[in-house]
file start-v7.txt (compact mmCIF, C-alpha atoms)
# COMPACT_ATOMS: atom_id res chain seq x y z
CA MET A 1 13.50 24.02 23.62
CA ILE A 2 11.49 26.48 25.73
CA ARG A 3 13.69 28.94 27.57
CA ILE A 4 12.95 30.57 30.90
CA VAL A 5 13.42 33.99 29.32
CA LEU A 6 12.53 34.74 25.72
CA ARG A 7 13.50 37.83 23.77
CA LEU A 8 10.76 39.02 21.45
CA LYS A 9 11.20 41.72 18.83
CA ILE A 10 8.12 43.79 18.14
CA GLY A 11 8.29 46.93 16.03
CA GLY A 12 12.06 46.99 16.28
CA ILE A 13 11.96 46.93 20.09
CA SER A 14 13.14 43.90 22.05
CA TYR A 15 11.14 42.64 25.01
CA LEU A 16 12.01 40.00 27.56
CA LYS A 17 9.23 37.51 28.27
CA THR A 18 9.40 35.08 31.18
CA MET A 19 7.86 31.62 31.15
CA LYS A 20 5.16 32.94 33.47
CA ASP A 21 4.06 35.33 30.71
CA ILE A 22 3.59 32.60 28.10
CA MET A 23 2.80 29.29 29.87
CA TYR A 24 -0.77 27.96 29.72
CA LEU A 25 -2.33 25.20 31.78
CA TYR A 26 -4.87 23.00 29.97
CA HIS A 27 -7.83 21.07 31.34
CA TYR A 28 -9.44 18.43 29.09
CA TYR A 29 -13.00 17.24 29.63
CA ASP A 30 -16.11 15.84 27.97
CA LYS A 31 -18.24 18.82 26.99
CA THR A 32 -21.44 16.84 27.55
CA THR A 33 -20.67 16.67 31.28
CA GLY A 34 -18.67 19.84 31.95
CA ALA A 35 -15.26 21.00 33.12
CA PHE A 36 -13.47 20.53 36.44
CA LEU A 37 -15.68 17.70 37.69
CA ASN A 38 -13.42 15.83 40.08
CA LEU A 39 -13.95 12.16 40.91
CA SER A 40 -11.98 12.63 44.11
CA ASP A 41 -14.60 15.08 45.39
CA MET A 42 -17.07 12.17 45.58
CA PRO A 43 -17.26 9.34 48.11
CA ILE A 44 -15.24 6.49 46.67
CA ASP A 45 -18.29 4.26 46.04
CA ASN A 46 -19.98 7.03 44.04
CA ALA A 47 -16.82 7.65 42.04
CA ASN A 48 -16.55 3.93 41.24
CA ASP A 49 -20.19 3.98 40.11
CA VAL A 50 -19.38 6.83 37.69
CA ILE A 51 -16.41 4.90 36.30
CA ASN A 52 -18.55 1.77 35.85
CA ILE A 53 -21.21 3.78 34.00
CA ILE A 54 -18.52 5.11 31.66
CA LYS A 55 -17.26 1.57 31.08
CA LYS A 56 -20.76 0.47 30.05
CA THR A 57 -21.86 3.49 28.03
CA LYS A 58 -18.57 4.61 26.49
CA PRO A 59 -16.34 1.50 26.44
CA ASN A 60 -13.94 2.88 23.84
CA VAL A 61 -12.82 6.04 25.65
CA GLN A 62 -9.61 6.09 27.69
CA CYS A 63 -11.47 6.76 30.94
CA ALA A 64 -13.24 3.39 30.55
CA LYS A 65 -9.90 1.60 30.79
CA ARG A 66 -9.29 2.50 34.45
CA HIS A 67 -8.76 -0.58 36.61
CA SER A 68 -10.94 -1.59 39.56
CA GLU A 69 -8.59 -0.13 42.19
CA TYR A 70 -8.12 3.18 40.37
CA MET A 71 -9.88 5.35 42.96
CA SER A 72 -8.03 3.76 45.89
CA ASP A 73 -4.75 4.35 44.07
CA ARG A 74 -5.80 7.91 43.22
CA HIS A 75 -6.45 8.78 46.87
CA TYR A 76 -3.12 7.22 47.83
CA TYR A 77 -1.19 9.32 45.30
CA GLU A 78 -3.14 12.48 46.18
CA ASP A 79 -2.15 12.07 49.82
CA MET A 80 1.45 11.72 48.66
CA LEU A 81 1.22 14.85 46.51
CA LYS A 82 -0.25 16.84 49.40
CA THR A 83 2.47 15.67 51.79
CA GLU A 84 5.28 16.49 49.37
CA PHE A 85 3.85 19.90 48.45
CA THR A 86 3.37 20.82 52.10
CA LYS A 87 7.02 19.96 52.74
CA LYS A 88 7.98 22.49 50.08
CA GLY A 89 5.86 25.23 51.64
CA GLY A 90 2.92 24.85 49.27
CA ILE A 91 -0.46 26.23 50.30
CA ILE A 92 -3.37 23.77 50.35
CA LYS A 93 -6.73 25.56 50.00
CA ARG A 94 -8.59 22.53 48.66
CA ASN A 95 -7.99 18.81 48.89
CA PRO A 96 -8.02 17.00 46.48
CA PRO A 97 -6.47 19.23 43.81
CA HIS A 98 -7.84 20.07 40.41
CA TYR A 99 -5.80 18.56 37.59
CA MET A 100 -4.39 20.36 34.55
CA VAL A 101 -1.37 19.93 32.29
CA VAL A 102 1.32 22.27 31.04
CA GLU A 103 0.53 23.28 27.44
CA ASN A 104 -1.46 21.29 24.90
CA SER A 105 -1.33 17.49 25.11
CA PRO A 106 -2.45 15.86 21.84
CA TRP A 107 -2.83 12.50 23.60
CA LEU A 108 -5.11 13.82 26.35
CA SER A 109 -7.30 15.47 23.74
CA THR A 110 -8.28 11.94 22.59
CA TRP A 111 -9.49 10.81 26.03
CA PHE A 112 -13.09 11.93 25.65
CA GLU A 113 -15.87 11.18 23.20
CA ASN A 114 -16.81 14.87 23.01
CA SER A 115 -13.45 16.35 23.85
CA ALA A 116 -13.04 19.99 24.82
CA PHE A 117 -10.47 21.95 26.73
CA ILE A 118 -9.98 25.09 28.78
CA LYS A 119 -6.62 26.83 28.86
CA ILE A 120 -5.64 29.31 31.55
CA PRO A 121 -2.48 31.45 31.69
CA ILE A 122 -0.24 30.36 34.55
CA SER A 123 -0.05 34.03 35.54
CA GLU A 124 -3.67 33.84 36.77
CA PHE A 125 -2.77 31.37 39.52
CA ASP A 126 -1.22 31.89 42.90
CA LEU A 127 1.87 29.77 42.27
CA LYS A 128 2.05 28.83 45.95
CA THR A 129 -1.07 26.73 45.30
CA VAL A 130 0.22 24.89 42.22
CA SER A 131 2.50 21.85 42.16
CA PHE A 132 3.78 19.77 39.25
CA THR A 133 5.00 16.31 38.32
CA TYR A 134 6.96 15.55 35.16
CA GLY A 135 4.45 13.03 33.91
CA ASP A 136 1.18 11.74 35.33
CA SER A 137 1.52 11.54 39.11
CA HIS A 138 0.47 7.87 39.27
CA PRO A 139 3.38 6.42 37.26
CA VAL A 140 5.73 9.15 38.55
CA PHE A 141 5.29 7.93 42.13
CA SER A 142 4.67 4.23 41.55
CA PRO A 143 7.45 1.83 42.60
CA ARG A 144 7.29 0.29 39.13
CA ALA A 145 8.11 3.58 37.44
CA ASN A 146 10.89 4.23 39.93
CA LYS A 147 12.55 0.93 38.99
CA MET A 148 12.18 1.62 35.28
CA ASP A 149 15.18 3.96 35.13
CA ASP A 150 17.10 6.51 37.15
CA LYS A 151 15.65 9.67 35.61
CA GLU A 152 15.76 12.47 38.12
CA TYR A 153 12.05 13.32 37.91
CA ARG A 154 10.85 9.91 39.13
CA ARG A 155 9.11 10.14 42.53
CA LYS A 156 9.49 13.94 42.54
CA LEU A 157 7.00 16.76 42.99
CA TYR A 158 8.02 20.24 41.88
CA THR A 159 7.14 23.84 42.60
CA TYR A 160 6.75 26.26 39.70
CA ASP A 161 10.35 27.47 39.90
CA GLU A 162 11.59 23.88 40.03
CA ILE A 163 9.53 22.61 37.09
CA ILE A 164 10.82 25.47 34.93
CA LYS A 165 14.35 24.11 35.41
CA ILE A 166 13.20 20.60 34.50
CA ILE A 167 11.51 21.90 31.34
CA GLU A 168 14.73 23.73 30.50
CA LYS A 169 16.57 20.44 30.76
CA TYR A 170 14.13 17.95 29.18
CA ASP A 171 11.59 20.05 27.24
CA LEU A 172 7.88 19.20 27.40
CA PRO A 173 7.22 15.42 27.33
CA GLN A 174 4.61 15.79 24.58
CA LYS A 175 7.36 17.16 22.35
CA TRP A 176 9.28 13.88 22.40
CA ASN A 177 6.96 11.25 23.91
CA ASP A 178 3.33 12.00 23.08
CA ASP A 179 2.83 8.36 22.03
CA GLY A 180 4.39 7.00 25.23
CA LEU A 181 7.05 5.09 23.31
CA TYR A 182 9.86 6.22 25.63
CA GLY A 183 8.15 5.90 29.00
CA PRO A 184 5.02 6.92 30.97
CA GLU A 185 5.74 10.66 30.93
CA ARG A 186 3.54 12.16 28.17
CA TYR A 187 2.83 15.57 29.77
CA ILE A 188 3.56 17.64 32.84
CA GLU A 189 0.75 17.36 35.35
CA ALA A 190 -0.27 20.44 37.34
CA HIS A 191 -2.11 20.15 40.65
CA ILE A 192 -4.23 23.16 41.55
CA TRP A 193 -4.74 23.29 45.32
CA SER A 194 -7.27 26.12 45.22
CA ASP A 195 -10.67 26.92 43.68
CA GLU A 196 -10.05 30.65 43.26
CA THR A 197 -8.95 30.76 39.61
CA ILE A 198 -10.77 27.57 38.59
CA ASN A 199 -14.16 28.97 39.63
CA LYS A 200 -13.85 31.69 36.99
CA TYR A 201 -13.80 29.03 34.25
CA ARG A 202 -16.45 26.53 35.38
call {"tool": "encode", "arguments": {"input": "start-v7.txt", "output": "structure tokens"}}
result
Amino acid sequence: MIRIVLRLKIGGISYLKTMKDIMYLYHYYDKTTGAFLNLSDMPIDNANDVINIIKKTKPNVQCAKRHSEYMSDRHYYEDMLKTEFTKKGGIIKRNPPHYMVVENSPWLSTWFENSAFIKIPISEFDLKTVSFTYGDSHPVFSPRANKMDDKEYRRKLYTYDEIIKIIEKYDLPQKWNDDGLYGPERYIEAHIWSDETINKYR
């Protein structure tokens, strides 16, 4: 279990490390196309064209399995994320957000034919521009997921301080549910509502 504060012993001296010192956010992508390319930045027809090309040229990758209404659903959930984050005092500098996950997700690393990743320390972000869901935001906020059980993180968006408490309680989903056997939550999704840090890694 990850703790909010860790005590490290180096050279006989103890140091306290907070989660902010050690947490990394990961972004997975196909290295033949590049990192931080966001379908939601495109007009919906163009985004659907990209998805259809993937379905034809790379039918075996996870991205090819997106259903025909995926982009409409994505915009719906992004509007919900923005609304909930604004309620919590979050700062929106770009809309839609960039997507990352908390720590390495073995499952997401299989999504792309030529998989690569970028990891960025959470300390490099303005935390007022980062929100989280415990699991992918689509199943987290879908009515179907909400009826699945009464887990407290269903239909919830969290700030950094709030997600730390949830990690304290439940650990990282990939530690106990990377294969999705126990529900839709396989990782913690991070929504980056700013380009400032991301632009350094493009």
call {"tool": "closest_residue", "arguments": {"input": "start-v7.txt", "among": "A:Met23, A:Met71, A:Val102, A:Leu127", "to": "Gly90 in chain A", "atoms": "all atoms listed in the file"}}
result
A:Leu127
call {"tool": "atom_distance", "arguments": {"input": "start-v7.txt", "atom1": "CA of Tyr70 in chain A", "atom2": "CA of Pro173 in chain A"}}
result
23.6 Å
call {"tool": "atom_distance", "arguments": {"input": "start-v7.txt", "atom1": "CA of Asn46 in chain A", "atom2": "CA of Ser68 in chain A"}}
result
13.3 Å
call {"tool": "closest_atom_pairs", "arguments": {"input": "start-v7.txt", "of": "range 86-163 of chain A", "to": "range 57-67 of chain A", "cutoff": "12 Å", "atoms": "only C-alpha atoms", "output": "Markdown table"}}
result
| residue | atom | partner | partner_atom | distance |
| --- | --- | --- | --- | --- |
| A:Trp107 | CA | A:Gln62 | CA | 10.2 |
| A:Leu108 | CA | A:Gln62 | CA | 9.0 |
| A:Ser109 | CA | A:Gln62 | CA | 10.4 |
| A:Thr110 | CA | A:Gln62 | CA | 7.9 |
| A:Trp111 | CA | A:Gln62 | CA | 5.0 |
| A:Phe112 | CA | A:Val61 | CA | 5.9 |
| A:Glu113 | CA | A:Val61 | CA | 6.5 |
| A:Asn114 | CA | A:Val61 | CA | 10.0 |
| A:Ser115 | CA | A:Val61 | CA | 10.5 |
call {"tool": "closest_residue", "arguments": {"input": "start-v7.txt", "among": "A:Leu181, A:Tyr28, A:Arg74, A:Tyr134", "to": "Asp41 in chain A", "atoms": "only C-alpha atoms"}}
result
A:Arg74
call {"tool": "closest_residue", "arguments": {"input": "start-v7.txt", "among": "A:Asp45, A:Asp30, A:Glu78, A:Asp178", "to": "Tyr99 in chain A", "atoms": "all atoms listed in the file"}}
result
A:Glu78
call {"tool": "closest_residue", "arguments": {"input": "start-v7.txt", "among": "A:Lys88, A:Tyr77, A:Lys31, A:Leu172", "to": "Arg155 in chain A", "atoms": "only C-alpha atoms"}}
result
A:Tyr77
call {"tool": "closest_residue", "arguments": {"input": "start-v7.txt", "among": "A:Leu157, A:Ile198, A:Leu37, A:Ile91", "to": "Lys119 in chain A", "atoms": "only C-alpha atoms"}}
result
A:Ile198
call {"tool": "closest_residue", "arguments": {"input": "start-v7.txt", "among": "A:Ile92, A:Leu81, A:Ala47, A:Ile120", "to": "Tyr158 in chain A", "atoms": "only C-alpha atoms"}}
result
A:Leu81
call {"tool": "build_atoms", "arguments": {"input": "start-v7.txt", "residues": "range 71-94 of chain A", "atoms": "N, CA and C atoms", "output": "compact mmCIF listing (two decimals), in the frame of the given file"}}
result
# COMPACT_ATOMS: atom_id res chain seq x y z
N MET A 71 -9.57 4.29 41.99
CA MET A 71 -9.88 5.35 42.96
C MET A 71 -9.08 5.19 44.25
N SER A 72 -8.87 3.98 44.70
CA SER A 72 -8.03 3.76 45.89
C SER A 72 -6.61 4.24 45.62
N ASP A 73 -6.09 3.90 44.45
CA ASP A 73 -4.75 4.35 44.07
C ASP A 73 -4.71 5.88 43.98
N ARG A 74 -5.75 6.45 43.40
CA ARG A 74 -5.80 7.91 43.22
C ARG A 74 -5.73 8.62 44.56
N HIS A 75 -6.50 8.15 45.54
CA HIS A 75 -6.45 8.78 46.87
C HIS A 75 -5.07 8.62 47.51
N TYR A 76 -4.46 7.47 47.29
CA TYR A 76 -3.12 7.22 47.83
C TYR A 76 -2.11 8.22 47.25
N TYR A 77 -2.14 8.40 45.94
CA TYR A 77 -1.19 9.32 45.30
C TYR A 77 -1.51 10.78 45.64
N GLU A 78 -2.78 11.11 45.80
CA GLU A 78 -3.14 12.48 46.18
C GLU A 78 -2.64 12.81 47.58
N ASP A 79 -2.71 11.85 48.48
CA ASP A 79 -2.15 12.07 49.82
C ASP A 79 -0.64 12.30 49.74
N MET A 80 0.01 11.56 48.85
CA MET A 80 1.45 11.72 48.66
C MET A 80 1.77 13.09 48.09
N LEU A 81 1.00 13.52 47.11
CA LEU A 81 1.22 14.85 46.51
C LEU A 81 1.06 15.94 47.57
N LYS A 82 0.00 15.84 48.36
CA LYS A 82 -0.25 16.84 49.40
C LYS A 82 0.90 16.89 50.40
N THR A 83 1.36 15.73 50.82
CA THR A 83 2.47 15.67 51.79
C THR A 83 3.72 16.31 51.22
N GLU A 84 4.06 15.96 49.98
CA GLU A 84 5.28 16.49 49.37
C GLU A 84 5.19 17.99 49.12
N PHE A 85 4.00 18.47 48.71
CA PHE A 85 3.85 19.90 48.45
C PHE A 85 3.90 20.69 49.74
N THR A 86 3.33 20.15 50.80
CA THR A 86 3.37 20.82 52.10
C THR A 86 4.81 20.95 52.59
N LYS A 87 5.61 19.92 52.36
CA LYS A 87 7.02 19.96 52.74
C LYS A 87 7.76 21.11 52.06
N LYS A 88 7.32 21.44 50.85
CA LYS A 88 7.98 22.49 50.08
C LYS A 88 7.38 23.87 50.35
N GLY A 89 6.47 23.95 51.31
CA GLY A 89 5.86 25.23 51.64
C GLY A 89 4.64 25.58 50.82
N GLY A 90 4.10 24.61 50.08
CA GLY A 90 2.92 24.85 49.27
C GLY A 90 1.69 25.12 50.14
N ILE A 91 0.76 25.86 49.59
CA ILE A 91 -0.46 26.23 50.30
C ILE A 91 -1.61 25.36 49.79
N ILE A 92 -2.26 24.64 50.69
CA ILE A 92 -3.37 23.77 50.35
C ILE A 92 -4.67 24.46 50.74
N LYS A 93 -5.43 24.92 49.75
CA LYS A 93 -6.73 25.56 50.00
C LYS A 93 -7.89 24.64 49.66
N ARG A 94 -7.59 23.56 48.91
CA ARG A 94 -8.59 22.53 48.66
C ARG A 94 -7.87 21.20 48.56
